[in-house]
Amino acid sequence: MKSRIALIVYILFILLPIYWLLNMSFKTNEEILGTLTFWPQNFTFDNYYKILTDPSWYKGYINSMIYVSLNMVISLCVALPAAYAFSRYKFLGDKHMFFWLLSNKMAPPAVFVLPFFQLYSSVGLFDTHLGVALAHCLFNVPLAVWILEGFMSSVPKEIDETAYIDGYSFPRFFTKIFIPLIGSGIGVTAFFLFMFSWIELLLARTLTATNAQPIQAIMTRTVGASGIDWGVLAAAGVLTIVPGIFVIYFVRNHVAKGFALGRT
């Protein structure tokens, strides 16, 4: 009984910030800065209306979704064959290369901001969706390789040999047989790729100006001469959570299996 009560209290404690954010998004600034209320006294959709009708706001969500989707596609396309090579073949320096890939995750993004900025300014990738997607690959590809290698190693090598005996070429075997076997691993990987690319701010903000600026950077515009527009900022925060909810919903079965298998 005590453990159940403790669990309920813990869940309520975790959900309290999300509820408070949702609560603020339906309030006016006057009410937010006034008395403490646990429910909007003057319920309003004006904050959401401003975000969904103002191009300077909703384009931020579109930009974020574009470069996050690009990053997921690029990272998976690179990580799938790389993880297969690490799981199936032994070659000189394989363990050192695998550790080097993981070491890229250990470095903070701030270390790479200046090199990326100078490089992108020279080759014309500054303020582009592709530029941000490629920058995020520096951290997401090692993560994807690490997760997928664990799932691939759990698939018996005899399946590969049997497919080759049956006359399958490697591309056909890889796409028709092997990838379906690690579907849960790909679902888990896609979830983490989305999460890390969606919440990353430093690179996305530094490498963009106007055309590809993410919603996280646009949220800083709520500071004006009259102060911070808390209601709009809260509504924007709520809307940034929605894509993650959809991603979790569509890959929930794969994630559930993935946490019991592979690297996770």
# chains A, B, ... in the order shown; residues from 1 in each chain; ligands from 1
>>> select_by_dssp(residues="range 51-236 of chain A", states="helix (DSSP H, G or I)", output="count of residues only")
147
>>> residues_around(residues="range 49-57 of chain A", least_positions_apart="2", cutoff="10 Å", atoms="only C-alpha atoms", output="list in words")
Thr44, Phe45, Asp46, Asn47, Lys59, Gly60, Tyr61, Ile62, Thr210, Gln213, Pro214, Ile215, Ile218, Met219, Arg221, Val232, Leu233, Ala235, Ala236 and Leu239 of chain A
>>> write_last_selection(atoms="all heavy atoms", output="compact mmCIF listing (two decimals), in the first residue's frame")
# COMPACT_ATOMS: atom_id res chain seq x y z
N THR A 44 -8.41 31.24 -22.22
CA THR A 44 -8.21 31.86 -23.53
C THR A 44 -7.36 30.98 -24.42
O THR A 44 -6.45 30.26 -23.95
CB THR A 44 -7.53 33.24 -23.39
OG1 THR A 44 -7.31 33.79 -24.68
CG2 THR A 44 -6.22 33.13 -22.65
N PHE A 45 -7.67 31.01 -25.73
CA PHE A 45 -6.87 30.31 -26.73
C PHE A 45 -5.99 31.30 -27.52
O PHE A 45 -5.39 30.92 -28.53
CB PHE A 45 -7.78 29.57 -27.72
CG PHE A 45 -8.40 28.33 -27.15
CD1 PHE A 45 -9.71 28.35 -26.68
CD2 PHE A 45 -7.69 27.14 -27.07
CE1 PHE A 45 -10.29 27.21 -26.16
CE2 PHE A 45 -8.27 25.99 -26.55
CZ PHE A 45 -9.57 26.03 -26.09
N ASP A 46 -5.93 32.53 -27.06
CA ASP A 46 -5.19 33.56 -27.80
C ASP A 46 -3.72 33.21 -27.98
O ASP A 46 -3.12 33.53 -29.02
CB ASP A 46 -5.33 34.91 -27.10
CG ASP A 46 -6.74 35.48 -27.19
OD1 ASP A 46 -7.52 34.96 -28.02
OD2 ASP A 46 -7.06 36.42 -26.43
N ASN A 47 -3.14 32.58 -26.97
CA ASN A 47 -1.72 32.24 -27.06
C ASN A 47 -1.46 31.24 -28.18
O ASN A 47 -0.50 31.39 -28.96
CB ASN A 47 -1.23 31.66 -25.73
CG ASN A 47 -1.37 32.65 -24.59
OD1 ASN A 47 -1.13 33.85 -24.76
ND2 ASN A 47 -1.79 32.19 -23.41
N LYS A 59 6.54 28.74 -38.52
CA LYS A 59 7.63 28.31 -39.39
C LYS A 59 8.77 27.70 -38.58
O LYS A 59 9.53 26.88 -39.10
CB LYS A 59 8.14 29.49 -40.22
CG LYS A 59 7.25 29.84 -41.39
CD LYS A 59 7.86 30.93 -42.26
CE LYS A 59 6.96 31.24 -43.46
NZ LYS A 59 7.52 32.32 -44.30
N GLY A 60 8.90 28.12 -37.32
CA GLY A 60 9.92 27.52 -36.46
C GLY A 60 9.67 26.03 -36.25
O GLY A 60 10.61 25.22 -36.27
N TYR A 61 8.40 25.65 -36.07
CA TYR A 61 8.06 24.24 -35.92
C TYR A 61 8.33 23.49 -37.22
O TYR A 61 8.84 22.35 -37.20
CB TYR A 61 6.60 24.08 -35.51
CG TYR A 61 6.31 24.51 -34.10
CD1 TYR A 61 5.80 25.77 -33.83
CD2 TYR A 61 6.55 23.66 -33.04
CE1 TYR A 61 5.54 26.17 -32.54
CE2 TYR A 61 6.30 24.05 -31.74
CZ TYR A 61 5.78 25.31 -31.49
OH TYR A 61 5.53 25.71 -30.20
N ILE A 62 7.97 24.10 -38.34
CA ILE A 62 8.21 23.47 -39.64
C ILE A 62 9.70 23.26 -39.87
O ILE A 62 10.14 22.19 -40.29
CB ILE A 62 7.60 24.31 -40.77
CG1 ILE A 62 6.08 24.38 -40.62
CG2 ILE A 62 7.98 23.74 -42.13
CD1 ILE A 62 5.40 25.31 -41.61
N THR A 210 17.56 32.88 -40.28
CA THR A 210 16.14 33.15 -40.53
C THR A 210 15.44 32.00 -41.24
O THR A 210 14.37 31.57 -40.84
CB THR A 210 15.98 34.43 -41.39
OG1 THR A 210 16.75 34.29 -42.58
CG2 THR A 210 16.44 35.66 -40.62
N GLN A 213 15.60 28.66 -38.91
CA GLN A 213 15.66 28.85 -37.46
C GLN A 213 14.66 27.95 -36.74
O GLN A 213 13.48 27.91 -37.09
CB GLN A 213 15.38 30.30 -37.11
CG GLN A 213 15.82 30.68 -35.70
CD GLN A 213 15.77 32.17 -35.48
OE1 GLN A 213 14.84 32.83 -35.92
NE2 GLN A 213 16.77 32.72 -34.80
N PRO A 214 15.10 27.20 -35.73
CA PRO A 214 14.21 26.27 -35.04
C PRO A 214 13.31 26.98 -34.04
O PRO A 214 13.54 28.14 -33.69
CB PRO A 214 15.19 25.33 -34.32
CG PRO A 214 16.37 26.20 -34.04
CD PRO A 214 16.48 27.13 -35.22
N ILE A 215 12.30 26.28 -33.58
CA ILE A 215 11.34 26.87 -32.66
C ILE A 215 12.00 27.23 -31.33
O ILE A 215 11.60 28.21 -30.68
CB ILE A 215 10.16 25.89 -32.43
CG1 ILE A 215 9.09 26.54 -31.55
CG2 ILE A 215 10.63 24.58 -31.84
CD1 ILE A 215 8.51 27.82 -32.10
N ILE A 218 13.28 30.66 -31.70
CA ILE A 218 12.21 31.64 -31.84
C ILE A 218 11.55 31.91 -30.49
O ILE A 218 11.04 33.01 -30.24
CB ILE A 218 11.18 31.14 -32.87
CG1 ILE A 218 11.83 31.09 -34.25
CG2 ILE A 218 9.95 32.04 -32.91
CD1 ILE A 218 10.95 30.52 -35.34
N MET A 219 11.56 30.93 -29.61
CA MET A 219 10.93 31.11 -28.29
C MET A 219 11.61 32.20 -27.48
O MET A 219 11.01 32.77 -26.57
CB MET A 219 10.94 29.79 -27.51
CG MET A 219 9.96 28.76 -28.05
SD MET A 219 10.11 27.13 -27.27
CE MET A 219 9.48 27.51 -25.62
N ARG A 221 12.22 35.03 -28.57
CA ARG A 221 11.69 36.31 -29.03
C ARG A 221 10.55 36.81 -28.15
O ARG A 221 10.04 37.90 -28.37
CB ARG A 221 11.18 36.18 -30.46
CG ARG A 221 12.26 35.89 -31.49
CD ARG A 221 11.63 35.78 -32.87
NE ARG A 221 12.62 35.50 -33.89
CZ ARG A 221 12.31 35.30 -35.17
NH1 ARG A 221 11.04 35.35 -35.56
NH2 ARG A 221 13.26 35.06 -36.06
N VAL A 232 2.30 33.05 -24.30
CA VAL A 232 2.74 32.55 -25.60
C VAL A 232 3.91 31.59 -25.43
O VAL A 232 4.00 30.56 -26.11
CB VAL A 232 3.13 33.72 -26.52
CG1 VAL A 232 3.74 33.22 -27.82
CG2 VAL A 232 1.91 34.58 -26.82
N LEU A 233 4.82 31.92 -24.52
CA LEU A 233 5.96 31.05 -24.28
C LEU A 233 5.50 29.68 -23.76
O LEU A 233 6.03 28.64 -24.17
CB LEU A 233 6.90 31.71 -23.27
CG LEU A 233 8.24 31.00 -23.00
CD1 LEU A 233 9.05 30.91 -24.28
CD2 LEU A 233 9.02 31.72 -21.93
N ALA A 235 2.50 28.30 -24.31
CA ALA A 235 1.83 27.62 -25.42
C ALA A 235 2.84 27.02 -26.39
O ALA A 235 2.67 25.89 -26.88
CB ALA A 235 0.90 28.59 -26.15
N ALA A 236 3.90 27.76 -26.66
CA ALA A 236 4.96 27.23 -27.53
C ALA A 236 5.62 26.02 -26.91
O ALA A 236 5.94 25.04 -27.61
CB ALA A 236 6.00 28.32 -27.80
N LEU A 239 3.38 23.01 -27.41
CA LEU A 239 3.41 22.54 -28.78
C LEU A 239 4.71 21.82 -29.13
O LEU A 239 4.74 21.00 -30.06
CB LEU A 239 3.17 23.70 -29.75
CG LEU A 239 1.76 24.31 -29.71
CD1 LEU A 239 1.66 25.51 -30.64
CD2 LEU A 239 0.71 23.26 -30.08
>>> closest_residue(among="A:Gln216, A:Ser103, A:Asn29, A:Thr240", to="Leu203 in chain A", atoms="only C-alpha atoms")
A:Gln216
>>> residues_around(residues="Val78 in chain A", least_positions_apart="6", cutoff="9 Å", atoms="only C-alpha atoms", output="list in words")
Val141, Ala144 and Val145 of chain A
>>> write_last_selection(atoms="N, CA, C and O atoms", output="CSV table (one decimal), in the first residue's frame")
chain,number,residue,atom,x,y,z
A,141,VAL,N,24.8,9.8,-35.3
A,141,VAL,CA,25.3,8.6,-36.0
A,141,VAL,C,26.0,7.6,-35.0
A,141,VAL,O,25.7,6.4,-35.0
A,144,ALA,N,23.3,5.9,-33.0
A,144,ALA,CA,22.6,5.0,-33.8
A,144,ALA,C,23.4,3.7,-34.0
A,144,ALA,O,22.9,2.6,-33.9
A,145,VAL,N,24.7,3.9,-34.3
A,145,VAL,CA,25.5,2.7,-34.5
A,145,VAL,C,25.6,1.9,-33.3
A,145,VAL,O,25.6,0.6,-33.3
>>> closest_residue(among="A:Met65, A:Leu36, A:Leu138, A:Leu16", to="Gly244 in chain A", atoms="only C-alpha atoms")
A:Met65
>>> closest_residue(among="A:Met24, A:Val9, A:Leu181, A:Ile165", to="Asp229 in chain A", atoms="only C-alpha atoms")
A:Met24
>>> closest_residue(among="A:Tyr58, A:Ala135, A:Val247, A:Tyr84", to="Ala110 in chain A", atoms="only C-alpha atoms")
A:Ala135
>>> residues_around(residues="Ser87 in chain A", least_positions_apart="3", cutoff="10 Å", atoms="only C-alpha atoms", output="list in words")
Pro81, Ala82, Ala83, Tyr84, Lys90, Val145, Leu148, Glu149, Gly150, Phe151, Met152, Ser153, Ser154, Val155 and Lys157 of chain A
>>> write_last_selection(atoms="N, CA, C and O atoms", output="short mmCIF file (atom, residue, chain, number, x, y, z; two decimals), in the first residue's frame")
data_model
loop_
_atom_site.label_atom_id
_atom_site.label_comp_id
_atom_site.auth_asym_id
_atom_site.auth_seq_id
_atom_site.Cartn_x
_atom_site.Cartn_y
_atom_site.Cartn_z
N PRO A 81 24.40 0.23 -42.27
CA PRO A 81 25.52 -0.57 -42.79
C PRO A 81 26.74 -0.54 -41.87
O PRO A 81 27.46 -1.54 -41.77
N ALA A 82 26.97 0.59 -41.19
CA ALA A 82 28.11 0.67 -40.28
C ALA A 82 27.93 -0.29 -39.11
O ALA A 82 28.87 -1.01 -38.71
N ALA A 83 26.74 -0.32 -38.52
CA ALA A 83 26.47 -1.23 -37.40
C ALA A 83 26.56 -2.68 -37.86
O ALA A 83 27.03 -3.54 -37.10
N TYR A 84 26.11 -2.96 -39.07
CA TYR A 84 26.21 -4.33 -39.59
C TYR A 84 27.67 -4.76 -39.70
O TYR A 84 28.02 -5.91 -39.37
N LYS A 90 35.27 -8.74 -38.29
CA LYS A 90 36.41 -8.37 -37.46
C LYS A 90 37.49 -7.81 -38.37
O LYS A 90 37.89 -8.45 -39.34
N VAL A 145 24.69 3.87 -34.32
CA VAL A 145 25.55 2.70 -34.55
C VAL A 145 25.63 1.86 -33.29
O VAL A 145 25.56 0.62 -33.34
N LEU A 148 22.14 0.06 -32.74
CA LEU A 148 21.85 -0.94 -33.76
C LEU A 148 22.82 -2.11 -33.72
O LEU A 148 22.43 -3.25 -34.00
N GLU A 149 24.08 -1.85 -33.37
CA GLU A 149 25.05 -2.94 -33.31
C GLU A 149 24.64 -3.98 -32.27
O GLU A 149 24.82 -5.19 -32.48
N GLY A 150 24.06 -3.53 -31.16
CA GLY A 150 23.60 -4.47 -30.15
C GLY A 150 22.47 -5.35 -30.65
O GLY A 150 22.44 -6.56 -30.40
N PHE A 151 21.53 -4.75 -31.37
CA PHE A 151 20.42 -5.53 -31.93
C PHE A 151 20.90 -6.49 -33.01
O PHE A 151 20.45 -7.63 -33.09
N MET A 152 21.81 -6.03 -33.87
CA MET A 152 22.29 -6.87 -34.96
C MET A 152 23.11 -8.04 -34.44
O MET A 152 23.06 -9.14 -35.01
N SER A 153 23.86 -7.83 -33.38
CA SER A 153 24.67 -8.91 -32.82
C SER A 153 23.80 -10.02 -32.23
O SER A 153 24.26 -11.16 -32.10
N SER A 154 22.56 -9.67 -31.87
CA SER A 154 21.66 -10.69 -31.31
C SER A 154 21.02 -11.56 -32.40
O SER A 154 20.39 -12.56 -32.09
N VAL A 155 21.17 -11.17 -33.67
CA VAL A 155 20.64 -11.97 -34.78
C VAL A 155 21.70 -13.00 -35.17
O VAL A 155 22.84 -12.64 -35.46
N LYS A 157 24.27 -15.36 -37.01
CA LYS A 157 24.95 -15.22 -38.30
C LYS A 157 24.50 -16.28 -39.29
O LYS A 157 24.67 -16.11 -40.51
#
